[in-house]
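Listing of coords24.json; format and content: JSON, C-alpha atoms and all ligand atoms.
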```
[["chain", "number", "residue", "atom", "x", "y", "z"],
["A", 28, "MET", "CA", -3.13, 73.05, 231.11],
["A", 29, "CYS", "CA", -2.95, 71.88, 234.71],
["A", 30, "ILE", "CA", 0.48, 70.39, 234.23],
["A", 31, "LYS", "CA", 1.86, 73.58, 232.76],
["A", 32, "TYR", "CA", -0.05, 75.82, 235.20],
["A", 33, "PRO", "CA", -0.65, 73.78, 238.38],
["A", 34, "PHE", "CA", -2.66, 76.60, 239.96],
["A", 35, "LEU", "CA", -5.47, 76.02, 237.44],
["A", 36, "TYR", "CA", -6.14, 72.61, 238.92],
["A", 37, "PRO", "CA", -9.73, 72.69, 240.23],
["A", 38, "ARG", "CA", -10.55, 71.82, 243.80],
["A", 39, "ASN", "CA", -13.52, 72.31, 246.03],
["A", 40, "ARG", "CA", -12.80, 75.56, 247.84],
["A", 41, "PHE", "CA", -14.20, 74.22, 251.13],
["A", 42, "THR", "CA", -13.19, 70.58, 251.25],
["A", 43, "GLY", "CA", -10.15, 70.59, 248.97],
["A", 44, "MET", "CA", -11.69, 67.59, 247.24],
["A", 45, "HIS", "CA", -11.72, 67.04, 243.52],
["A", 46, "TYR", "CA", -14.72, 68.54, 241.85],
["A", 47, "ASN", "CA", -15.42, 65.71, 239.47],
["A", 48, "TYR", "CA", -18.98, 64.67, 239.18],
["A", 49, "TRP", "CA", -19.62, 61.12, 240.18],
["A", 50, "LYS", "CA", -22.67, 58.97, 239.55],
["A", 51, "ILE", "CA", -22.22, 57.74, 243.12],
["A", 52, "ILE", "CA", -23.49, 61.06, 244.46],
["A", 53, "GLU", "CA", -26.62, 60.70, 242.36],
["A", 54, "TYR", "CA", -27.00, 57.12, 243.58],
["A", 55, "HIS", "CA", -26.65, 58.31, 247.16],
["A", 56, "ASN", "CA", -29.27, 61.03, 246.79],
["A", 57, "ASN", "CA", -31.75, 58.79, 244.99],
["A", 58, "ASN", "CA", -31.52, 55.98, 247.50],
["A", 59, "TYR", "CA", -30.94, 57.68, 250.81],
["A", 60, "LYS", "CA", -34.63, 58.40, 251.31],
["A", 61, "ASN", "CA", -35.47, 54.77, 250.70],
["A", 62, "ALA", "CA", -32.90, 53.60, 253.21],
["A", 63, "VAL", "CA", -33.41, 56.11, 255.98],
["A", 64, "LEU", "CA", -36.54, 57.70, 257.41],
["A", 65, "SER", "CA", -35.76, 61.25, 258.42],
["A", 66, "TYR", "CA", -38.42, 62.91, 260.43],
["A", 67, "GLN", "CA", -38.97, 65.89, 262.55],
["A", 68, "ILE", "CA", -41.03, 66.01, 265.72],
["A", 69, "SER", "CA", -42.21, 69.27, 267.10],
["A", 70, "PHE", "CA", -44.47, 70.13, 270.00],
["A", 71, "ASP", "CA", -47.12, 72.65, 269.30],
["A", 72, "ASP", "CA", -50.47, 73.50, 270.76],
["A", 73, "ASN", "CA", -51.35, 75.72, 267.86],
["A", 74, "ILE", "CA", -53.45, 73.23, 265.94],
["A", 75, "LEU", "CA", -54.11, 75.71, 263.16],
["A", 76, "SER", "CA", -50.59, 75.17, 261.91],
["A", 77, "ALA", "CA", -51.46, 71.53, 261.30],
["A", 78, "ALA", "CA", -54.34, 72.16, 258.91],
["A", 79, "LEU", "CA", -52.86, 69.95, 256.20],
["A", 80, "TYR", "CA", -51.66, 67.23, 258.50],
["A", 81, "ASP", "CA", -53.20, 63.81, 258.88],
["A", 82, "THR", "CA", -54.81, 63.19, 262.25],
["A", 83, "THR", "CA", -55.46, 59.46, 262.02],
["A", 84, "GLY", "CA", -52.02, 58.54, 263.36],
["A", 85, "HIS", "CA", -50.78, 56.92, 260.20],
["A", 86, "ILE", "CA", -49.57, 58.05, 256.81],
["A", 87, "ASN", "CA", -48.31, 56.34, 253.71],
["A", 88, "VAL", "CA", -44.57, 56.60, 253.14],
["A", 89, "HIS", "CA", -43.03, 54.86, 250.10],
["A", 90, "GLY", "CA", -46.23, 52.84, 249.80],
["A", 91, "LYS", "CA", -45.95, 51.52, 253.35],
["A", 92, "GLU", "CA", -47.63, 52.59, 256.53],
["A", 93, "LEU", "CA", -45.93, 54.82, 259.05],
["A", 94, "THR", "CA", -47.78, 55.07, 262.34],
["A", 95, "ALA", "CA", -47.22, 57.11, 265.48],
["A", 96, "LYS", "CA", -49.05, 56.23, 268.68],
["A", 97, "TYR", "CA", -48.75, 57.64, 272.15],
["A", 98, "ASP", "CA", -48.71, 55.01, 274.87],
["A", 99, "VAL", "CA", -50.12, 56.42, 278.12],
["A", 100, "ILE", "CA", -48.55, 53.75, 280.36],
["A", 101, "SER", "CA", -44.97, 54.00, 279.14],
["A", 102, "ARG", "CA", -45.33, 57.69, 278.20],
["A", 103, "ARG", "CA", -43.69, 56.90, 274.90],
["A", 104, "LEU", "CA", -44.39, 57.82, 271.35],
["A", 105, "ASN", "CA", -44.10, 54.60, 269.39],
["A", 106, "ILE", "CA", -43.34, 54.84, 265.72],
["A", 107, "THR", "CA", -43.74, 51.87, 263.43],
["A", 108, "TYR", "CA", -43.00, 51.50, 259.76],
["A", 109, "ASN", "CA", -44.51, 48.69, 257.75],
["A", 110, "GLY", "CA", -45.64, 47.04, 261.00],
["A", 111, "SER", "CA", -42.27, 47.01, 262.76],
["A", 112, "TYR", "CA", -40.88, 49.40, 265.34],
["A", 113, "VAL", "CA", -38.47, 52.01, 264.13],
["A", 114, "ASN", "CA", -38.44, 54.27, 267.14],
["A", 115, "SER", "CA", -39.84, 54.68, 270.60],
["A", 116, "ILE", "CA", -39.40, 58.13, 272.06],
["A", 117, "ASP", "CA", -39.77, 58.84, 275.75],
["A", 118, "LEU", "CA", -41.80, 62.04, 275.84],
["A", 119, "ARG", "CA", -41.16, 62.65, 279.54],
["A", 120, "LYS", "CA", -37.76, 64.14, 278.85],
["A", 121, "TYR", "CA", -39.33, 67.03, 276.97],
["A", 122, "PHE", "CA", -41.50, 68.35, 279.78],
["A", 123, "LYS", "CA", -40.29, 70.21, 282.82],
["A", 124, "LYS", "CA", -43.62, 70.73, 284.58],
["A", 125, "GLY", "CA", -45.34, 67.37, 284.57],
["A", 126, "MET", "CA", -46.78, 65.40, 281.71],
["A", 127, "PRO", "CA", -49.82, 66.16, 279.67],
["A", 128, "GLN", "CA", -52.46, 63.43, 279.93],
["A", 129, "ASP", "CA", -52.60, 62.78, 276.25],
["A", 130, "PHE", "CA", -51.25, 63.89, 272.93],
["A", 131, "LYS", "CA", -52.88, 64.56, 269.65],
["A", 132, "ILE", "CA", -50.63, 63.57, 266.79],
["A", 133, "TYR", "CA", -50.58, 65.22, 263.40],
["A", 134, "MET", "CA", -48.50, 63.74, 260.62],
["A", 135, "THR", "CA", -47.52, 64.84, 257.16],
["A", 136, "TYR", "CA", -45.34, 63.45, 254.42],
["A", 137, "ASN", "CA", -44.01, 65.45, 251.54],
["A", 138, "PRO", "CA", -42.03, 63.17, 249.21],
["A", 139, "LYS", "CA", -40.73, 66.13, 247.23],
["A", 140, "SER", "CA", -39.10, 67.86, 250.16],
["A", 141, "SER", "CA", -35.35, 67.65, 249.84],
["A", 142, "HIS", "CA", -34.53, 67.69, 253.54],
["A", 143, "VAL", "CA", -36.89, 66.32, 256.19],
["A", 144, "ASN", "CA", -39.97, 65.08, 254.42],
["A", 145, "ILE", "CA", -41.86, 63.57, 257.34],
["A", 146, "LYS", "CA", -43.17, 65.84, 260.04],
["A", 147, "LEU", "CA", -44.97, 64.97, 263.22],
["A", 148, "LEU", "CA", -46.65, 67.68, 265.17],
["A", 149, "ILE", "CA", -47.56, 66.72, 268.71],
["A", 150, "ALA", "CA", -50.20, 68.68, 270.55],
["A", 151, "PRO", "CA", -50.27, 67.98, 274.29],
["A", 152, "VAL", "CA", -53.81, 67.61, 275.64],
["A", 153, "ASN", "CA", -55.19, 67.67, 279.21],
["A", 154, "ASN", "CA", -58.68, 66.64, 280.19],
["A", 155, "SER", "CA", -60.32, 69.21, 282.38],
["A", 156, "LYS", "CA", -63.82, 70.40, 283.14],
["A", 157, "ASN", "CA", -65.15, 73.29, 281.15],
["A", 158, "SER", "CA", -67.34, 76.05, 282.57],
["A", 159, "TYR", "CA", -70.39, 73.74, 282.29],
["A", 160, "GLY", "CA", -68.66, 71.10, 284.38],
["A", 161, "ILE", "CA", -68.19, 68.76, 281.43],
["A", 162, "ASP", "CA", -64.94, 66.97, 280.70],
["A", 163, "GLU", "CA", -63.34, 68.23, 277.54],
["A", 164, "PRO", "CA", -59.83, 68.20, 276.20],
["A", 165, "THR", "CA", -57.95, 71.43, 276.54],
["A", 166, "TYR", "CA", -54.70, 72.04, 274.85],
["A", 167, "PHE", "CA", -51.88, 72.11, 277.26],
["A", 168, "ASN", "CA", -50.25, 75.39, 276.51],
["A", 169, "ASN", "CA", -48.38, 76.05, 279.71],
["A", 170, "ILE", "CA", -45.80, 73.33, 279.39],
["A", 171, "VAL", "CA", -42.21, 74.30, 279.66],
["A", 172, "LEU", "CA", -40.15, 72.25, 277.31],
["A", 173, "ASN", "CA", -36.70, 71.16, 278.31],
["A", 174, "ASP", "CA", -35.08, 72.20, 275.09],
["A", 175, "GLU", "CA", -35.93, 73.66, 271.75],
["A", 176, "GLU", "CA", -39.14, 72.50, 270.20],
["A", 177, "CYS", "CA", -37.89, 70.65, 267.15],
["A", 178, "HIS", "CA", -36.31, 67.24, 267.30],
["A", 179, "PHE", "CA", -34.90, 65.31, 264.40],
["A", 180, "TYR", "CA", -34.70, 61.58, 264.09],
["A", 181, "ASN", "CA", -33.22, 59.22, 261.55],
["A", 182, "CYS", "CA", -34.20, 55.59, 261.36],
["A", 183, "ILE", "CA", -32.77, 53.04, 259.01],
["A", 184, "ILE", "CA", -35.60, 51.26, 257.25],
["A", 185, "ASN", "CA", -33.59, 49.40, 254.67],
["A", 186, "ARG", "CA", -30.37, 48.19, 256.24],
["A", 187, "PRO", "CA", -28.82, 46.48, 253.18],
["A", 188, "LEU", "CA", -29.43, 49.57, 251.07],
["A", 189, "TYR", "CA", -28.13, 51.80, 253.86],
["A", 190, "TRP", "CA", -24.85, 49.90, 254.10],
["A", 191, "LYS", "CA", -24.52, 49.88, 250.33],
["A", 192, "ILE", "CA", -24.80, 53.68, 250.34],
["A", 193, "LYS", "CA", -22.34, 53.99, 253.22],
["A", 194, "ILE", "CA", -19.77, 51.83, 251.48],
["A", 195, "LEU", "CA", -20.16, 53.73, 248.22],
["A", 196, "ASP", "CA", -19.85, 57.03, 250.12],
["A", 197, "TRP", "CA", -16.59, 55.84, 251.61],
["A", 198, "ILE", "CA", -15.33, 54.77, 248.19],
["A", 199, "HIS", "CA", -16.21, 58.22, 246.89],
["A", 200, "ASP", "CA", -14.55, 60.06, 249.76],
["A", 201, "TYR", "CA", -11.31, 58.09, 249.80],
["A", 202, "PRO", "CA", -10.17, 55.73, 247.04],
["A", 203, "LEU", "CA", -11.84, 57.65, 244.22],
["A", 204, "GLN", "CA", -10.51, 60.95, 245.50],
["A", 205, "TRP", "CA", -7.00, 59.51, 245.55],
["A", 206, "LEU", "CA", -7.33, 57.88, 242.18],
["A", 207, "HIS", "CA", -9.21, 60.50, 240.31],
["A", 208, "PHE", "CA", -6.78, 63.29, 239.77],
["A", 209, "ILE", "CA", -7.46, 63.94, 236.11],
["A", 210, "PRO", "CA", -9.79, 66.92, 236.06],
["A", 211, "THR", "CA", -12.55, 67.32, 233.48],
["A", 212, "TYR", "CA", -12.07, 71.10, 233.44],
["A", 213, "ASN", "CA", -9.80, 73.73, 234.92],
["A", 214, "GLU", "CA", -10.17, 77.15, 236.53],
["A", 215, "TYR", "CA", -9.09, 78.90, 233.33],
["A", 216, "ASP", "CA", -12.27, 77.68, 231.58],
["A", 217, "ALA", "CA", -14.16, 80.33, 233.54],
["A", 218, "MET", "CA", -12.31, 83.16, 231.81],
["A", 219, "GLU", "CA", -14.18, 84.89, 228.99],
["A", 220, "ASP", "CA", -13.05, 83.86, 225.51],
["A", 221, "GLY", "CA", -12.13, 87.38, 224.41],
["A", 222, "TRP", "CA", -9.74, 87.88, 227.30],
["A", 223, "LYS", "CA", -8.19, 84.47, 226.73],
["A", 224, "ILE", "CA", -7.40, 85.54, 223.16],
["A", 225, "ALA", "CA", -6.23, 89.03, 224.14],
["A", 226, "PHE", "CA", -3.95, 88.31, 227.08],
["A", 227, "GLY", "CA", -4.84, 84.94, 228.67],
["A", 228, "LYS", "CA", -1.63, 83.00, 228.05],
["A", 229, "GLN", "CA", 0.48, 86.05, 228.76],
["A", 230, "MET", "CA", -1.23, 86.47, 232.13],
["A", 231, "LEU", "CA", -0.80, 82.79, 233.04],
["A", 232, "ASP", "CA", 2.89, 82.88, 232.10],
["A", 233, "GLU", "CA", 3.50, 86.02, 234.09],
["A", 234, "ILE", "CA", 1.78, 84.56, 237.17],
["A", 235, "LYS", "CA", 3.68, 81.30, 236.78],
["A", 236, "THR", "CA", 7.04, 83.08, 236.56],
["A", 237, "GLU", "CA", 6.26, 85.12, 239.65],
["A", 238, "LEU", "CA", 5.02, 82.06, 241.58],
["A", 239, "LYS", "CA", 8.23, 80.23, 240.72],
["A", 240, "ARG", "CA", 10.27, 83.18, 241.92],
["A", 241, "VAL", "CA", 8.55, 83.17, 245.34],
["A", 242, "ASN", "CA", 8.48, 79.35, 245.48],
["A", 243, "TYR", "CA", 4.68, 79.17, 245.62],
["A", 244, "LEU", "CA", 3.80, 77.48, 242.33],
["A", 245, "TYR", "CA", 2.19, 74.41, 243.88],
["A", 246, "LYS", "CA", 0.53, 76.21, 246.78],
["A", 247, "TYR", "CA", -1.22, 78.98, 244.87],
["A", 248, "ARG", "CA", -4.98, 78.34, 244.55],
["A", 249, "ILE", "CA", -7.57, 80.08, 242.42],
["A", 250, "PHE", "CA", -10.74, 80.95, 244.28],
["A", 251, "ASP", "CA", -12.82, 82.33, 241.44],
["A", 252, "ILE", "CA", -12.33, 83.66, 237.93],
["A", 253, "LYS", "CA", -15.27, 85.63, 236.58],
["A", 254, "GLU", "CA", -16.58, 88.70, 234.87],
["A", 255, "LYS", "CA", -18.09, 91.48, 236.94],
["A", 256, "TYR", "CA", -19.27, 94.90, 235.71],
["A", 257, "GLY", "CA", -17.60, 94.18, 232.40],
["A", 258, "SER", "CA", -14.14, 93.43, 233.71],
["A", 259, "LEU", "CA", -12.14, 90.42, 234.74],
["A", 260, "ARG", "CA", -12.10, 89.36, 238.39],
["A", 261, "TRP", "CA", -9.39, 86.96, 239.38],
["A", 262, "GLU", "CA", -9.70, 85.92, 243.00],
["A", 263, "ASP", "CA", -7.20, 83.68, 244.72],
["A", 264, "CYS", "CA", -6.61, 82.26, 248.18],
["A", 265, "GLY", "CA", -3.60, 84.43, 248.91],
["A", 266, "TYR", "CA", 0.10, 84.57, 248.08],
["A", 267, "PRO", "CA", 3.30, 85.21, 250.00],
["A", 268, "VAL", "CA", 4.09, 88.70, 251.23],
["A", 269, "GLY", "CA", 6.53, 90.38, 248.91],
["A", 270, "SER", "CA", 5.27, 88.67, 245.76],
["A", 271, "ASN", "CA", 3.92, 90.66, 242.85],
["A", 272, "ILE", "CA", 0.93, 88.39, 242.20],
["A", 273, "GLY", "CA", -1.51, 91.05, 243.36],
["A", 274, "LYS", "CA", 0.00, 93.65, 241.05],
["A", 275, "ILE", "CA", -0.01, 91.28, 238.07],
["A", 276, "VAL", "CA", -3.63, 90.31, 238.64],
["A", 277, "TRP", "CA", -4.62, 93.97, 239.04],
["A", 278, "LYS", "CA", -2.83, 94.90, 235.81],
["A", 279, "TYR", "CA", -4.75, 92.33, 233.79],
["A", 280, "GLU", "CA", -8.04, 93.08, 235.49],
["A", 281, "GLN", "CA", -7.64, 96.69, 234.37],
["A", 282, "MET", "CA", -6.51, 95.57, 230.92],
["A", 283, "SER", "CA", -9.70, 93.55, 230.48],
["A", 284, "TYR", "CA", -11.66, 96.81, 230.00],
["A", 285, "ASP", "CA", -9.72, 97.42, 226.78],
["A", 286, "TYR", "CA", -10.57, 94.16, 225.02],
["A", 287, "CYS", "CA", -13.75, 92.75, 223.57],
["A", 288, "ILE", "CA", -15.10, 90.16, 225.97],
["A", 289, "HIS", "CA", -16.22, 87.98, 223.03],
["A", 290, "CYS", "CA", -13.35, 88.05, 220.57],
["A", 291, "GLY", "CA", -10.43, 89.88, 222.15],
["A", 292, "LYS", "CA", -10.28, 92.74, 219.65],
["A", 293, "PRO", "CA", -9.90, 96.29, 221.04],
["A", 294, "ALA", "CA", -13.12, 97.32, 222.80],
["A", 295, "LYS", "CA", -14.95, 100.29, 221.28],
["A", 296, "TRP", "CA", -18.40, 100.00, 222.84],
["A", 297, "VAL", "CA", -19.88, 99.41, 226.26],
["A", 298, "THR", "CA", -23.27, 97.75, 226.63],
["A", 299, "ARG", "CA", -25.98, 99.25, 228.83],
["A", 300, "GLY", "CA", -27.59, 97.25, 231.60],
["A", 301, "TRP", "CA", -25.33, 94.24, 231.83],
["A", 302, "ILE", "CA", -22.05, 96.04, 231.31],
["A", 303, "THR", "CA", -19.65, 94.49, 228.82],
["A", 304, "TYR", "CA", -16.90, 96.01, 226.73],
["A", 305, "ILE", "CA", -17.11, 94.92, 223.11],
["A", 306, "CYS", "CA", -15.43, 95.59, 219.77],
["A", 307, "ASP", "CA", -16.90, 97.31, 216.74],
["A", 308, "GLU", "CA", -17.56, 94.03, 214.95],
["A", 309, "CYS", "CA", -19.41, 92.42, 217.87],
["A", 310, "ALA", "CA", -21.42, 95.65, 218.37],
["A", 311, "HIS", "CA", -22.83, 95.31, 214.86],
["A", 312, "LYS", "CA", -24.08, 91.77, 215.33],
["A", 313, "THR", "CA", -27.81, 91.05, 215.24],
["A", 314, "ARG", "CA", -29.47, 89.78, 218.38],
["A", 315, "LYS", "CA", -31.87, 86.85, 218.54],
["A", 316, "ASP", "CA", -34.85, 89.22, 218.62],
["A", 317, "GLY", "CA", -33.74, 90.90, 215.38],
["A", 318, "THR", "CA", -32.44, 94.11, 216.97],
["A", 319, "CYS", "CA", -28.84, 95.17, 216.60],
["A", 320, "GLU", "CA", -26.44, 94.96, 219.53],
["A", 321, "ILE", "CA", -25.42, 98.55, 218.90],
["A", 322, "ASP", "CA", -28.87, 99.79, 219.94],
["A", 323, "TYR", "CA", -27.92, 98.79, 223.48],
["A", 324, "CYS", "CA", -24.42, 100.26, 223.44],
["A", 325, "ASP", "CA", -22.65, 103.49, 224.19],
["A", 326, "PRO", "CA", -19.34, 104.32, 222.56],
["A", 327, "ILE", "CA", -16.24, 104.33, 224.72],
["A", 328, "VAL", "CA", -15.31, 107.93, 223.98],
["A", 329, "ASP", "CA", -12.21, 108.67, 225.91],
["A", 330, "LYS", "CA", -10.19, 106.10, 227.83],
["A", 331, "GLU", "CA", -8.91, 108.67, 230.28],
["A", 332, "GLY", "CA", -12.20, 110.50, 230.46],
["A", 333, "GLN", "CA", -15.70, 109.87, 231.64],
["A", 334, "ASN", "CA", -16.03, 106.22, 230.69],
["A", 335, "GLU", "CA", -13.04, 105.21, 232.69],
["A", 336, "SER", "CA", -14.50, 106.92, 235.75],
["A", 337, "ALA", "CA", -17.85, 105.26, 235.02],
["A", 338, "ALA", "CA", -16.10, 101.91, 235.10],
["A", 339, "GLU", "CA", -14.58, 102.74, 238.45],
["A", 340, "THR", "CA", -17.98, 103.67, 239.87],
["A", 341, "ASN", "CA", -19.34, 100.33, 238.76],
["A", 342, "GLU", "CA", -16.54, 98.55, 240.43],
["A", 343, "GLU", "CA", -17.14, 100.18, 243.77],
["A", 344, "LEU", "CA", -20.78, 99.07, 243.82],
["B", 401, "ZN", "ZN", -15.62, 91.39, 219.53]]
```
So that I can check it, write out the structure of this file as structure tokens.
Ligand SMILES: [Zn+2]
Amino acid sequence: MCIKYPFLYPRNRFTGMHYNYWKIIEYHNNNYKNAVLSYQISFDDNILSAALYDTTGHINVHGKELTAKYDVISRRLNITYNGSYVNSIDLRKYFKKGMPQDFKIYMTYNPKSSHVNIKLLIAPVNNSKNSYGIDEPTYFNNIVLNDEECHFYNCIINRPLYWKIKILDWIHDYPLQWLHFIPTYNEYDAMEDGWKIAFGKQMLDEIKTELKRVNYLYKYRIFDIKEKYGSLRWEDCGYPVGSNIGKIVWKYEQMSYDYCIHCGKPAKWVTRGWITYICDECAHKTRKDGTCEIDYCDPIVDKEGQNESAAETNEEL
């Protein structure tokens, strides 16, 4: 298919990469969390938001202990994983108007979260005397932070695994992309079967002939082929000015109203709700729940009349 009609060759619409599914991606996703600790630190004096957080300064991540401790002398937040340092963050850089005396640290770990699954909430604390003259911690809520309140950190906790992932990522992005040019599907697969039978090949040939004429056969890219409001939508990434591609596509999109979406026979009925145009035979089929398809259909009375205008209204929505 892709040799005869090069424009059906599938590519990622954003990256231009081949779409083929690789086990490497799965490997990457499964192992990345074991190789890299991704965590988010935010400053907050609203302790209520940390109701579910751990306040002991350590949590269990992948069966090992992650700890966060504030060191008053160095003014650093020291983070260790499995007993060894992974990060030491200078907290001074976050405060414009002096440093709080202490910090309360709240931690949480959600292994199911797909993005950042470790969160540290840091509540700045100052010791001051209350109205009875007794020292008590007050939350330091008048600090002006230097930048936005959330900070993200990544720390490699398993270097061999991390490099293995990196190397496999590179292999995926380069050599495999170059080598793997045989697609497992093409853009035409997305077209409904009935339309393929009714006019599919004819449409492809007509587009191909026109693309050849304007010397655009290998540049033309399909963006999306789908069904919407009962008719064919064929979206592309543009074509040269002066070509008739737009007209050809429009002609077949309009033609799709006339053919059964399932089998390609002339459409006689239109379904309610999810609009589809179907033939007499398909309208008399029994549904899974025992009811007949025709109970959910209206006849297409007059092509030039009300139903045609109804179709146009749908399209504008
Ligand atoms: Zn049919």
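With CA of Ile106 in chain A on one side and CA of Ile192 in chain A on the other, the separation reads 24.1 Å.
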Within 10 Å of ligand ZN 401 (chain B): each chain A residue with its shortest pair, only C-alpha atoms and all ligand atoms, as JSON lines:
```
{"residue": "A:Asp220", "atom": "CA", "partner": "B:ZN401", "partner_atom": "ZN", "distance": 10.0}
{"residue": "A:Gly221", "atom": "CA", "partner": "B:ZN401", "partner_atom": "ZN", "distance": 7.2}
{"residue": "A:Tyr286", "atom": "CA", "partner": "B:ZN401", "partner_atom": "ZN", "distance": 8.0}
{"residue": "A:Cys287", "atom": "CA", "partner": "B:ZN401", "partner_atom": "ZN", "distance": 4.7}
{"residue": "A:Ile288", "atom": "CA", "partner": "B:ZN401", "partner_atom": "ZN", "distance": 6.6}
{"residue": "A:His289", "atom": "CA", "partner": "B:ZN401", "partner_atom": "ZN", "distance": 4.9}
{"residue": "A:Cys290", "atom": "CA", "partner": "B:ZN401", "partner_atom": "ZN", "distance": 4.2}
{"residue": "A:Gly291", "atom": "CA", "partner": "B:ZN401", "partner_atom": "ZN", "distance": 6.0}
{"residue": "A:Lys292", "atom": "CA", "partner": "B:ZN401", "partner_atom": "ZN", "distance": 5.5}
{"residue": "A:Pro293", "atom": "CA", "partner": "B:ZN401", "partner_atom": "ZN", "distance": 7.7}
{"residue": "A:Ala294", "atom": "CA", "partner": "B:ZN401", "partner_atom": "ZN", "distance": 7.2}
{"residue": "A:Lys295", "atom": "CA", "partner": "B:ZN401", "partner_atom": "ZN", "distance": 9.1}
{"residue": "A:Trp296", "atom": "CA", "partner": "B:ZN401", "partner_atom": "ZN", "distance": 9.6}
{"residue": "A:Tyr304", "atom": "CA", "partner": "B:ZN401", "partner_atom": "ZN", "distance": 8.7}
{"residue": "A:Ile305", "atom": "CA", "partner": "B:ZN401", "partner_atom": "ZN", "distance": 5.2}
{"residue": "A:Cys306", "atom": "CA", "partner": "B:ZN401", "partner_atom": "ZN", "distance": 4.2}
{"residue": "A:Asp307", "atom": "CA", "partner": "B:ZN401", "partner_atom": "ZN", "distance": 6.7}
{"residue": "A:Glu308", "atom": "CA", "partner": "B:ZN401", "partner_atom": "ZN", "distance": 5.6}
{"residue": "A:Cys309", "atom": "CA", "partner": "B:ZN401", "partner_atom": "ZN", "distance": 4.3}
{"residue": "A:Ala310", "atom": "CA", "partner": "B:ZN401", "partner_atom": "ZN", "distance": 7.3}
{"residue": "A:His311", "atom": "CA", "partner": "B:ZN401", "partner_atom": "ZN", "distance": 9.4}
{"residue": "A:Lys312", "atom": "CA", "partner": "B:ZN401", "partner_atom": "ZN", "distance": 9.5}
```
>> So the first atom is CA of Lys228 in chain A and the second is CA of Asn271 in chain A; what is the distance between them in Å, to one decimal place?
In response: 17.6 Å
> Which one of A:Lys91, A:Lys315, A:Lys146, A:Lys239 sits closest to Ile68 in chain A if you count all atoms listed in the file?
Replying inline: A:Lys146
>> Which residues are near Lys235 in chain A? Cut-off 9 Å, all atoms listed in the file, ignore same chain within fewer than 2 positions. Put them as a ChimeraX atom specification.
In response: /A:31-34,230-233,237-240,244
>> Would you compute the distance between CA of Thr236 in chain A and CA of Glu219 in chain A? Give it in Å to one decimal.
In response: 22.6 Å
> Hey, which of A:Ile234, A:Phe130, A:Pro138, A:His85 ends up closest to Lys274 in chain A? Count all atoms listed in the file.
Replying inline: A:Ile234
> Near range 247-251 of chain A, within 6 Å and counting only C-alpha atoms, which residues show up once chain neighbours fewer than 6 positions away are dropped, as a count of residues only?
Replying inline: 4
>> If we draw a sphere of 7 Å around (-51.0, 61.8, 270.7), which residues have at least one atom in it when counting all atoms listed in the file? Please report them as a ChimeraX atom specification.
In response: /A:96-97,129-132,149-150
Save out the residues we just selected, C-alpha atoms, as an mmCIF file, in the coordinates of the input.
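The resulting file, selection-v4.cif, is shown below:
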```cif
data_model
loop_
_atom_site.group_PDB
_atom_site.id
_atom_site.type_symbol
_atom_site.label_atom_id
_atom_site.label_comp_id
_atom_site.auth_asym_id
_atom_site.auth_seq_id
_atom_site.Cartn_x
_atom_site.Cartn_y
_atom_site.Cartn_z
ATOM 1 C CA LYS A 96 -49.050 56.230 268.680
ATOM 2 C CA TYR A 97 -48.750 57.640 272.150
ATOM 3 C CA ASP A 129 -52.600 62.780 276.250
ATOM 4 C CA PHE A 130 -51.250 63.890 272.930
ATOM 5 C CA LYS A 131 -52.880 64.560 269.650
ATOM 6 C CA ILE A 132 -50.630 63.570 266.790
ATOM 7 C CA ILE A 149 -47.560 66.720 268.710
ATOM 8 C CA ALA A 150 -50.200 68.680 270.550
#
```
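Each of A:Val241, A:Ala62, A:Leu79, A:Leu188 was compared to Pro267 in chain A using all atoms listed in the file, and A:Val241 turns out to be the nearest.
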> For Val99 in chain A, which of A:Thr82, A:Asn114, A:Thr298, A:Arg119 is the closest residue, counting all atoms listed in the file?
Replying inline: A:Arg119
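When all atoms listed in the file are used to measure the gap to Tyr133 in chain A, the shortest distance among A:Glu280, A:Thr83, A:Ser111, A:Tyr245 belongs to A:Thr83.
Using all atoms listed in the file, the shortest contact distance between Ser270 in chain A and any of A:Asn242, A:Ile184, A:Ser258, A:Pro326 is found at A:Asn242.
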Please output range 319-325 of chain A, rebuilt to include N, CA and C atoms, as a CSV table (one decimal), in the frame of the given file.
```csv
chain,number,residue,atom,x,y,z
A,319,CYS,N,-30.3,95.2,216.7
A,319,CYS,CA,-28.8,95.2,216.6
A,319,CYS,C,-28.2,95.5,218.0
A,320,GLU,N,-27.2,94.8,218.3
A,320,GLU,CA,-26.4,95.0,219.5
A,320,GLU,C,-26.1,96.4,219.8
A,321,ILE,N,-25.9,97.2,218.7
A,321,ILE,CA,-25.4,98.6,218.9
A,321,ILE,C,-26.5,99.5,219.5
A,322,ASP,N,-27.8,99.0,219.3
A,322,ASP,CA,-28.9,99.8,219.9
A,322,ASP,C,-28.8,99.8,221.5
A,323,TYR,N,-28.0,98.9,222.0
A,323,TYR,CA,-27.9,98.8,223.5
A,323,TYR,C,-26.5,99.2,224.0
A,324,CYS,N,-25.8,99.9,223.1
A,324,CYS,CA,-24.4,100.3,223.4
A,324,CYS,C,-24.2,101.8,223.5
A,325,ASP,N,-23.2,102.1,224.2
A,325,ASP,CA,-22.6,103.5,224.2
A,325,ASP,C,-21.2,103.4,223.7
```
